[in-house]
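Engineer: Can you read through this structure? Questions will come right after.
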Amino acid sequence: MIAQIYVDDIVFGGMSDGMVKHIVSQMQTEYEMSMVGDLAYFLGLQIKKMEDSFFLSQSKYAKNIVKKFGMDSVSHKRTPAPTHLKLSKDEGGTSVDQSLYRSMIGSLLYLTASRPDIAFAVGLCARYQAEPKVSHINQVKRIFKYVNGTSDHGILYTHGCDPILTGYCDADMDRSADDRKNTSGGCFFLGNNLISWFSEKHNCVSLSTAEA
């Protein structure tokens, strides 16, 4: 097994040089290793190291997928979806290319690794991959238009903040026009740093806002 080690605070959590060297020497006894320097690009994620912070983005990937689907020359949108977005199966609507729709959704789902701002809209559109309609792909294109104008957006992580865990959560009520199931969303911060987020549909129908 070959391991590539990035000598960077984002991996070693601000350890001293001595501790890092000790860990590396221990791992070299078990694995064939190569030292590749500071972490800057990994699996589509770009990491920019600054004096007291890191900036994570998928700028290059975002620009590539926008260009791939021919959305790089269209007008930008200020939001990924309308304020009161509601999609349905739209059984009477015109069908669209299923392979194209799934490819667009798959590309956007990977982008949510650093873009929580599109997680809800992408998750909602992903529900209609079995029988996509024009109304669905129009919403997907809107997300691409938003991404086209915000491709350099990402997440900033800073050092030295208070390690207090804070969570925020919300849920809608009767949002789905197909089955009345709700969608919950939430995010968690460690100090000022966003460390986790989600947007997912419930498995059952809630009977009240509190229950949702």
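By order in the structure tokens, chains are A, B, ...; within a chain, residues start at 1; ligands start at 1, following the order shown.
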Which polymer residues have any atom within 10 Å of an atom of Arg127 of chain A, counting only C-alpha atoms, with same-chain residues fewer than 2 positions away left out, as a PyMOL selection string?

Structural biologist: chain A and resi 87-89+105+122-125+129-132+136+201

Engineer: Need to verify the contact set: segment 161-169 of chain A, 7 Å, only C-alpha atoms, exclusion of same-chain residues closer than 6 positions in sequence. Can you return it as a PyMOL selection string?

Structural biologist: chain A and resi 185-192

Engineer: Would you compute the distance between atom CA of His159 of chain A and atom CA of Leu56 of chain A? Give it in Å to one decimal.

Structural biologist: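 Straight-line distance from atom CA of His159 of chain A to atom CA of Leu56 of chain A works out to 14.2 Å.
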
Engineer: Name the residues of segment 24-81 of chain A that come out as alpha helix (DSSP H) in a backbone DSSP run; write them as a PyMOL selection string.

Structural biologist: chain A and resi 24-28+59-68

Engineer: Would you list the contacts of Asp72 of chain A as an MDAnalysis selection string, taking every protein, DNA or RNA residue within 10 Å and counting only C-alpha atoms, but skipping same-chain residues closer than 6 positions in sequence?

Structural biologist: chainID A and resid 63:66 144:145 147:149

Engineer: Between A:Val134, A:Ile118, A:Val74, A:Met50, which is the closest to Gln98 of chain A once you count only C-alpha atoms?

Structural biologist: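 Nearest to Gln98 of chain A: A:Val134.
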
Engineer: So which bits of segment 6-112 of chain A end up strand (DSSP E) when you DSSP the backbone, as a VMD selection string?

Structural biologist: chain A and resid 32 to 35 41 to 42 45 to 49 53 to 57

Engineer: Could you check which of A:Lys77, A:Met19, A:Ala171, A:Asp178 is closest to His202 of chain A, using only C-alpha atoms?

Structural biologist: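 Answer, going by the shortest atom-to-atom distance: A:Ala171.
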